[in-house]
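Asks: final-v2.pdb (PDB, C-alpha atoms, pLDDT in the B column) pasted underneath:
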```
MODEL        1
ATOM      1  CA  ALA A  30      -1.378 -19.991   8.458  1.00 36.00           C
ATOM      2  CA  GLY A  31      -3.499 -17.293   6.935  1.00 39.00           C
ATOM      3  CA  LEU A  32      -0.651 -15.170   5.620  1.00 40.00           C
ATOM      4  CA  ARG A  33      -0.472 -15.607   1.875  1.00 44.00           C
ATOM      5  CA  GLN A  34       1.750 -14.257  -0.822  1.00 46.00           C
ATOM      6  CA  GLY A  35       1.609 -14.685  -4.554  1.00 45.00           C
ATOM      7  CA  GLU A  36       4.480 -16.174  -6.443  1.00 44.00           C
ATOM      8  CA  GLY A  37       4.214 -17.093 -10.067  1.00 46.00           C
ATOM      9  CA  GLU A  38       0.833 -18.601 -10.648  1.00 46.00           C
ATOM     10  CA  ASN A  39       0.532 -20.341  -7.288  1.00 52.00           C
ATOM     11  CA  THR A  40      -0.421 -19.047  -3.903  1.00 59.00           C
ATOM     12  CA  LEU A  41       1.882 -19.908  -1.063  1.00 62.00           C
ATOM     13  CA  GLN A  42       0.832 -20.292   2.536  1.00 62.00           C
ATOM     14  CA  GLN A  43       3.074 -19.881   5.532  1.00 63.00           C
ATOM     15  CA  VAL A  44       3.068 -22.969   7.719  1.00 66.00           C
ATOM     16  CA  GLY A  45       3.734 -23.138  11.452  1.00 68.00           C
ATOM     17  CA  ASN A  46       7.520 -23.453  11.157  1.00 71.00           C
ATOM     18  CA  GLY A  47       7.801 -20.254   9.116  1.00 68.00           C
ATOM     19  CA  GLU A  48       8.330 -21.967   5.759  1.00 72.00           C
ATOM     20  CA  TRP A  49       6.131 -21.554   2.725  1.00 68.00           C
ATOM     21  CA  GLU A  50       4.255 -24.346   0.985  1.00 68.00           C
ATOM     22  CA  GLN A  51       2.040 -24.373  -2.077  1.00 66.00           C
ATOM     23  CA  THR A  52      -1.688 -24.429  -1.631  1.00 64.00           C
ATOM     24  CA  PRO A  53      -4.197 -25.812  -4.114  1.00 56.00           C
ATOM     25  CA  PHE A  54      -5.361 -22.279  -4.862  1.00 58.00           C
ATOM     26  CA  ARG A  55      -4.228 -20.748  -8.122  1.00 66.00           C
ATOM     27  CA  PHE A  56      -2.889 -17.245  -7.657  1.00 71.00           C
ATOM     28  CA  LEU A  57      -5.028 -15.693 -10.393  1.00 73.00           C
ATOM     29  CA  ASN A  58      -8.201 -17.075  -8.806  1.00 77.00           C
ATOM     30  CA  TYR A  59      -7.079 -15.799  -5.428  1.00 79.00           C
ATOM     31  CA  ASP A  60      -6.389 -12.368  -6.891  1.00 83.00           C
ATOM     32  CA  LEU A  61      -9.828 -12.371  -8.548  1.00 85.00           C
ATOM     33  CA  LEU A  62     -11.459 -13.131  -5.194  1.00 86.00           C
ATOM     34  CA  ARG A  63      -9.559 -10.259  -3.596  1.00 89.00           C
ATOM     35  CA  LYS A  64     -10.517  -7.890  -6.413  1.00 90.00           C
ATOM     36  CA  MET A  65     -14.194  -8.854  -6.279  1.00 91.00           C
ATOM     37  CA  SER A  66     -14.352  -8.653  -2.481  1.00 93.00           C
ATOM     38  CA  VAL A  67     -12.988  -5.084  -2.638  1.00 94.00           C
ATOM     39  CA  ARG A  68     -15.409  -4.207  -5.448  1.00 94.00           C
ATOM     40  CA  TYR A  69     -18.424  -5.443  -3.477  1.00 95.00           C
ATOM     41  CA  ALA A  70     -17.137  -3.751  -0.319  1.00 96.00           C
ATOM     42  CA  LEU A  71     -16.807  -0.442  -2.191  1.00 95.00           C
ATOM     43  CA  LEU A  72     -20.349  -0.650  -3.518  1.00 95.00           C
ATOM     44  CA  ASP A  73     -21.752  -1.705  -0.132  1.00 96.00           C
ATOM     45  CA  THR A  74     -19.921   1.130   1.631  1.00 95.00           C
ATOM     46  CA  LEU A  75     -21.193   3.611  -0.949  1.00 94.00           C
ATOM     47  CA  ASP A  76     -24.718   2.271  -0.441  1.00 94.00           C
ATOM     48  CA  ASP A  77     -24.334   2.572   3.347  1.00 93.00           C
ATOM     49  CA  LEU A  78     -23.198   6.190   2.987  1.00 90.00           C
ATOM     50  CA  THR A  79     -26.039   6.974   0.589  1.00 89.00           C
ATOM     51  CA  HIS A  80     -28.663   5.622   2.982  1.00 88.00           C
ATOM     52  CA  ALA A  81     -27.122   6.867   6.238  1.00 81.00           C
ATOM     53  CA  ARG A  82     -29.684   8.438   8.532  1.00 69.00           C
ATOM     54  CA  GLU A  83     -27.480   9.414  11.444  1.00 72.00           C
ATOM     55  CA  GLY A  84     -25.288  12.456  11.885  1.00 69.00           C
ATOM     56  CA  ASP A  85     -24.969  15.677   9.948  1.00 73.00           C
ATOM     57  CA  LYS A  86     -26.786  15.298   6.607  1.00 81.00           C
ATOM     58  CA  ASP A  87     -24.563  17.887   4.868  1.00 80.00           C
ATOM     59  CA  GLN A  88     -21.449  16.058   6.083  1.00 83.00           C
ATOM     60  CA  THR A  89     -22.789  12.670   4.984  1.00 86.00           C
ATOM     61  CA  LYS A  90     -23.817  14.035   1.594  1.00 88.00           C
ATOM     62  CA  ALA A  91     -20.387  15.584   1.027  1.00 88.00           C
ATOM     63  CA  VAL A  92     -18.586  12.358   1.969  1.00 90.00           C
ATOM     64  CA  THR A  93     -20.954  10.335  -0.209  1.00 91.00           C
ATOM     65  CA  GLU A  94     -20.456  12.578  -3.245  1.00 92.00           C
ATOM     66  CA  TRP A  95     -16.664  12.563  -2.822  1.00 92.00           C
ATOM     67  CA  PHE A  96     -16.544   8.768  -2.444  1.00 93.00           C
ATOM     68  CA  LYS A  97     -19.004   8.232  -5.320  1.00 94.00           C
ATOM     69  CA  GLY A  98     -16.682  10.231  -7.591  1.00 93.00           C
ATOM     70  CA  LEU A  99     -13.629   8.243  -6.537  1.00 93.00           C
ATOM     71  CA  VAL A 100     -15.398   4.883  -6.897  1.00 92.00           C
ATOM     72  CA  GLY A 101     -16.946   5.879 -10.236  1.00 91.00           C
ATOM     73  CA  GLU A 102     -13.528   6.834 -11.544  1.00 91.00           C
ATOM     74  CA  HIS A 103     -11.973   3.479 -10.573  1.00 89.00           C
ATOM     75  CA  LEU A 104     -14.879   1.021 -10.899  1.00 87.00           C
ATOM     76  CA  PRO A 105     -14.195   0.229 -14.592  1.00 86.00           C
ATOM     77  CA  VAL A 106     -10.836  -1.238 -13.554  1.00 83.00           C
ATOM     78  CA  PHE A 107     -12.679  -3.736 -11.348  1.00 83.00           C
ATOM     79  CA  GLU A 108     -15.216  -4.661 -14.013  1.00 80.00           C
ATOM     80  CA  GLY A 109     -13.242  -4.625 -17.254  1.00 70.00           C
ATOM     81  CA  PRO A 110     -10.947  -7.216 -18.758  1.00 67.00           C
ATOM     82  CA  CYS A 111      -8.127  -5.936 -16.596  1.00 61.00           C
ATOM     83  CA  ARG A 112      -5.138  -8.254 -16.572  1.00 62.00           C
ATOM     84  CA  SER A 113      -3.157  -6.485 -13.878  1.00 69.00           C
ATOM     85  CA  LEU A 114      -2.876  -8.160 -10.517  1.00 78.00           C
ATOM     86  CA  GLY A 115      -3.600  -6.512  -7.199  1.00 86.00           C
ATOM     87  CA  VAL A 116      -6.273  -4.102  -8.461  1.00 89.00           C
ATOM     88  CA  GLY A 117      -8.196  -4.228  -5.185  1.00 90.00           C
ATOM     89  CA  ASP A 118      -5.140  -3.595  -3.047  1.00 91.00           C
ATOM     90  CA  GLU A 119      -3.988  -0.817  -5.380  1.00 92.00           C
ATOM     91  CA  PHE A 120      -7.318   0.934  -4.982  1.00 93.00           C
ATOM     92  CA  LEU A 121      -7.180   0.668  -1.186  1.00 94.00           C
ATOM     93  CA  CYS A 122      -3.639   2.105  -1.230  1.00 94.00           C
ATOM     94  CA  HIS A 123      -4.872   4.891  -3.518  1.00 94.00           C
ATOM     95  CA  LEU A 124      -7.723   5.616  -1.120  1.00 94.00           C
ATOM     96  CA  LEU A 125      -5.301   5.710   1.814  1.00 95.00           C
ATOM     97  CA  SER A 126      -3.011   8.082  -0.079  1.00 95.00           C
ATOM     98  CA  GLN A 127      -5.788  10.642  -0.509  1.00 94.00           C
ATOM     99  CA  PRO A 128      -5.394  13.686   1.733  1.00 94.00           C
ATOM    100  CA  MET A 129      -8.012  14.722   4.241  1.00 94.00           C
ATOM    101  CA  VAL A 130     -10.059  17.499   2.672  1.00 91.00           C
ATOM    102  CA  ILE A 131     -12.697  20.037   3.578  1.00 90.00           C
ATOM    103  CA  VAL A 132     -15.336  20.576   0.890  1.00 83.00           C
ATOM    104  CA  GLY A 133     -18.560  22.496   0.398  1.00 77.00           C
ATOM    105  CA  ASP A 134     -19.963  25.733   1.740  1.00 79.00           C
ATOM    106  CA  LYS A 135     -20.319  24.339   5.256  1.00 80.00           C
ATOM    107  CA  GLY A 136     -16.789  22.926   5.375  1.00 83.00           C
ATOM    108  CA  SER A 137     -17.535  19.207   5.400  1.00 84.00           C
ATOM    109  CA  PHE A 138     -14.528  17.181   6.526  1.00 89.00           C
ATOM    110  CA  ILE A 139     -13.616  14.074   4.511  1.00 92.00           C
ATOM    111  CA  ASP A 140     -11.276  11.483   6.033  1.00 94.00           C
ATOM    112  CA  PRO A 141     -10.296   8.894   3.394  1.00 95.00           C
ATOM    113  CA  HIS A 142      -8.697   6.707   6.090  1.00 96.00           C
ATOM    114  CA  GLN A 143     -12.024   6.378   7.884  1.00 95.00           C
ATOM    115  CA  ILE A 144     -13.752   5.456   4.626  1.00 95.00           C
ATOM    116  CA  CYS A 145     -11.011   2.917   3.876  1.00 96.00           C
ATOM    117  CA  ASP A 146     -11.553   1.386   7.316  1.00 96.00           C
ATOM    118  CA  GLN A 147     -15.254   0.975   6.499  1.00 95.00           C
ATOM    119  CA  VAL A 148     -14.394  -0.661   3.154  1.00 96.00           C
ATOM    120  CA  MET A 149     -11.913  -3.044   4.767  1.00 96.00           C
ATOM    121  CA  VAL A 150     -14.374  -4.074   7.496  1.00 96.00           C
ATOM    122  CA  ARG A 151     -16.991  -4.763   4.834  1.00 96.00           C
ATOM    123  CA  ARG A 152     -14.445  -6.672   2.718  1.00 95.00           C
ATOM    124  CA  LYS A 153     -13.703  -8.916   5.693  1.00 94.00           C
ATOM    125  CA  GLU A 154     -17.429  -9.546   6.219  1.00 95.00           C
ATOM    126  CA  ILE A 155     -17.848 -10.440   2.546  1.00 94.00           C
ATOM    127  CA  ALA A 156     -14.848 -12.793   2.597  1.00 91.00           C
ATOM    128  CA  SER A 157     -16.185 -14.478   5.747  1.00 90.00           C
ATOM    129  CA  GLU A 158     -19.569 -14.926   4.097  1.00 90.00           C
ATOM    130  CA  TRP A 159     -17.959 -16.485   1.008  1.00 85.00           C
ATOM    131  CA  ALA A 160     -15.831 -18.776   3.169  1.00 83.00           C
ATOM    132  CA  GLY A 161     -19.010 -19.854   4.967  1.00 82.00           C
ATOM    133  CA  TRP A 162     -20.506 -20.870   1.645  1.00 76.00           C
ATOM    134  CA  LEU A 163     -17.522 -23.130   1.030  1.00 73.00           C
ATOM    135  CA  ASP A 164     -18.012 -24.774   4.418  1.00 72.00           C
ATOM    136  CA  SER A 165     -21.682 -25.444   3.708  1.00 71.00           C
ATOM    137  CA  ASP A 166     -23.222 -28.008   1.399  1.00 71.00           C
ATOM    138  CA  CYS A 167     -24.443 -25.222  -0.864  1.00 70.00           C
ATOM    139  CA  ILE A 168     -21.452 -25.412  -3.244  1.00 69.00           C
ATOM    140  CA  SER A 169     -21.515 -29.184  -3.616  1.00 75.00           C
ATOM    141  CA  GLN A 170     -25.283 -29.097  -4.252  1.00 77.00           C
ATOM    142  CA  LEU A 171     -24.810 -26.404  -6.891  1.00 75.00           C
ATOM    143  CA  ASN A 172     -22.022 -28.393  -8.559  1.00 75.00           C
ATOM    144  CA  THR A 173     -24.226 -31.498  -8.531  1.00 78.00           C
ATOM    145  CA  GLU A 174     -27.062 -29.581 -10.215  1.00 79.00           C
ATOM    146  CA  ILE A 175     -24.703 -28.198 -12.864  1.00 80.00           C
ATOM    147  CA  LEU A 176     -23.334 -31.689 -13.543  1.00 79.00           C
ATOM    148  CA  LYS A 177     -26.870 -33.141 -13.775  1.00 79.00           C
ATOM    149  CA  THR A 178     -27.896 -30.438 -16.254  1.00 82.00           C
ATOM    150  CA  TYR A 179     -24.765 -31.041 -18.315  1.00 78.00           C
ATOM    151  CA  LEU A 180     -25.228 -34.816 -18.342  1.00 80.00           C
ATOM    152  CA  LYS A 181     -28.897 -34.509 -19.313  1.00 79.00           C
ATOM    153  CA  GLY A 182     -27.897 -32.228 -22.203  1.00 75.00           C
ATOM    154  CA  ALA A 183     -25.078 -34.554 -23.272  1.00 68.00           C
ATOM    155  CA  HIS A 184     -27.450 -37.526 -23.141  1.00 59.00           C
ATOM    156  CA  LYS A 185     -29.946 -35.798 -25.453  1.00 63.00           C
ATOM    157  CA  THR A 186     -27.316 -34.963 -28.059  1.00 57.00           C
ATOM    158  CA  ALA A 187     -25.821 -38.461 -28.104  1.00 51.00           C
TER     159      ALA A 187
ENDMDL
END
```
Once more with this new file: its structure as C-alpha cells, please.

Replies:
Amino acid sequence: AGLRQGEGENTLQQVGNGEWEQTPFRFLNYDLLRKMSVRYALLDTLDDLTHAREGDKDQTKAVTEWFKGLVGEHLPVFEGPCRSLGVGDEFLCHLLSQPMVIVGDKGSFIDPHQICDQVMVRRKEIASEWAGWLDSDCISQLNTEILKTYLKGAHKTA
C-alpha cells in the first residue's frame, strides 16, 4: 500500500499481492492535493530561507533571492486555472534539473538539490498534517456545521 499511480480519472493503489485496485479517491482530487502540498511547501521553504538566522548571511540571501525568482516564475501555474496534471511533480523535477551555480560578488554557492530536499521534507510534513485532520473529528464536525447552515437556509426559503 502507499504506492499510487493515476490512471484515467481514478487513483489505483497497489495491494499486498502486487496487483492494483481502485480506491475511492478521484485522480483529479489526488492531483490537486499533490499540487497544493508542493505549493505550500515551496512557500514555507521560501519563508524559512527568508527568516534564517544561522550561517553565512550573504550565502542565505543569495539562495533566497535565487529561489524566490524561481518560485515567483512558476507560482502562477500552481494558482491559476491550470488543467494540466502533475504540476507539483513537474516543478520538483524542474528544480532538480537546475545546475549548481555560484552567484554574487562573494561567490555564493546554490545547490538546487538541497533546496528540493527541503521542499520535499516540508511537503511530507504538510501531507502528514492533512492526513491527521482526516483522522480527527475536525472534518466531520465541519461537515456537520456546513450541513446545518445549509438546512437552516433551505428551511427559511421554503

Asks: I need the output of the PyMOL selection byres ((chain A and resi 134-139) around 8) for this file as a list in words; which residues are they?

Replies: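 Selected by the PyMOL selection byres ((chain A and resi 134-139) around 8) here: Asp87, Gln88, Ala91, Val92, Met129, Val130, Ile131, Val132, Gly133, Asp140 and Pro141 of chain A.
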
Asks: Report as a PyMOL selection string the residues that result from applying the PyMOL selection byres ((chain A and resi 123-125) around 7) to the structure here.

Replies: chain A and resi 119-122+126-127+141-142+145

Asks: Include C-alpha atoms and write out the residues we just selected as a PDB file, keeping the file's coordinate frame.

Replies:
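Final file, selection16.pdb:
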```
ATOM      1  CA  GLU A 119      -3.988  -0.817  -5.380  1.00 92.00           C
ATOM      2  CA  PHE A 120      -7.318   0.934  -4.982  1.00 93.00           C
ATOM      3  CA  LEU A 121      -7.180   0.668  -1.186  1.00 94.00           C
ATOM      4  CA  CYS A 122      -3.639   2.105  -1.230  1.00 94.00           C
ATOM      5  CA  SER A 126      -3.011   8.082  -0.079  1.00 95.00           C
ATOM      6  CA  GLN A 127      -5.788  10.642  -0.509  1.00 94.00           C
ATOM      7  CA  PRO A 141     -10.296   8.894   3.394  1.00 95.00           C
ATOM      8  CA  HIS A 142      -8.697   6.707   6.090  1.00 96.00           C
ATOM      9  CA  CYS A 145     -11.011   2.917   3.876  1.00 96.00           C
TER      10      CYS A 145
END
```

Asks: Please, what is the axis-aligned box for every listed atom of range 171-178 of chain A with 8 Å on each side, as centre and edge lengths in Å to one decimal, as lines of an AutoDock Vina configuration file?

Replies:
```
center_x = -25.0
center_y = -29.8
center_z = -11.6
size_x = 21.9
size_y = 22.7
size_z = 25.4
```

Asks: When you draw a straight line from CA of Glu83 in chain A to CA of Ala156 in chain A, how long is it in Å?

Replies: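 One can read the CA of Glu83 in chain A to CA of Ala156 in chain A distance as 27.0 Å.
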
Asks: Using all atoms listed in the file, which of A:Val100, A:Leu114, A:Asp166, A:His80 sits nearest Asn58 in chain A?

Replies: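 That would be A:Leu114, the residue with the smallest distance to Asn58 in chain A.
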
Asks: Rank nothing, just name the residue among A:Thr93, A:Asn172, A:Ser66, A:Asn46 nearest to Lys153 in chain A, using only C-alpha atoms.

Replies: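 Ranked by minimum distance to Lys153 in chain A, first place goes to A:Ser66.
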
Asks: Name the closest residue to Tyr69 in chain A among the candidates A:Trp159, A:Tyr179, A:Cys167, A:Arg152; distances are taken between atoms, counting only C-alpha atoms.

Replies: A:Arg152

Asks: Exactly which residues make up the result of the PyMOL selection byres ((chain A and resi 60) around 9) on this file, given as an MDAnalysis selection string?

Replies: chainID A and resid 35 55:59 61:65 114:117

Asks: Could you tell me how far CA of Leu176 in chain A sits from CA of Trp162 in chain A, in Å to one decimal place?

Replies: 18.9 Å

Asks: CA of Asp73 in chain A to CA of Val148 in chain A: how many Å, to one decimal?

Replies: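 Between these atoms lies a distance of 8.1 Å.
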
Asks: Would you kindly return, as a compact mmCIF listing (two decimals) with C-alpha atoms, in the frame of the given file, each protein, DNA or RNA residue with an atom no farther than 9 Å from any atom of Gln147 in chain A, considering only C-alpha atoms and excluding same-chain residues fewer than 3 positions away?

Replies:
```txt
# COMPACT_ATOMS: atom_id res chain seq x y z
CA ALA A 70 -17.14 -3.75 -0.32
CA LEU A 71 -16.81 -0.44 -2.19
CA THR A 74 -19.92 1.13 1.63
CA HIS A 142 -8.70 6.71 6.09
CA GLN A 143 -12.02 6.38 7.88
CA ILE A 144 -13.75 5.46 4.63
CA VAL A 150 -14.37 -4.07 7.50
CA ARG A 151 -16.99 -4.76 4.83
CA ARG A 152 -14.44 -6.67 2.72
```

Asks: Could you check which of A:Glu154, A:Glu48, A:Asp146, A:Leu75 is closest to Leu99 in chain A, using only C-alpha atoms?

Replies: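 Among the listed residues, the smallest separation from Leu99 in chain A belongs to A:Leu75.
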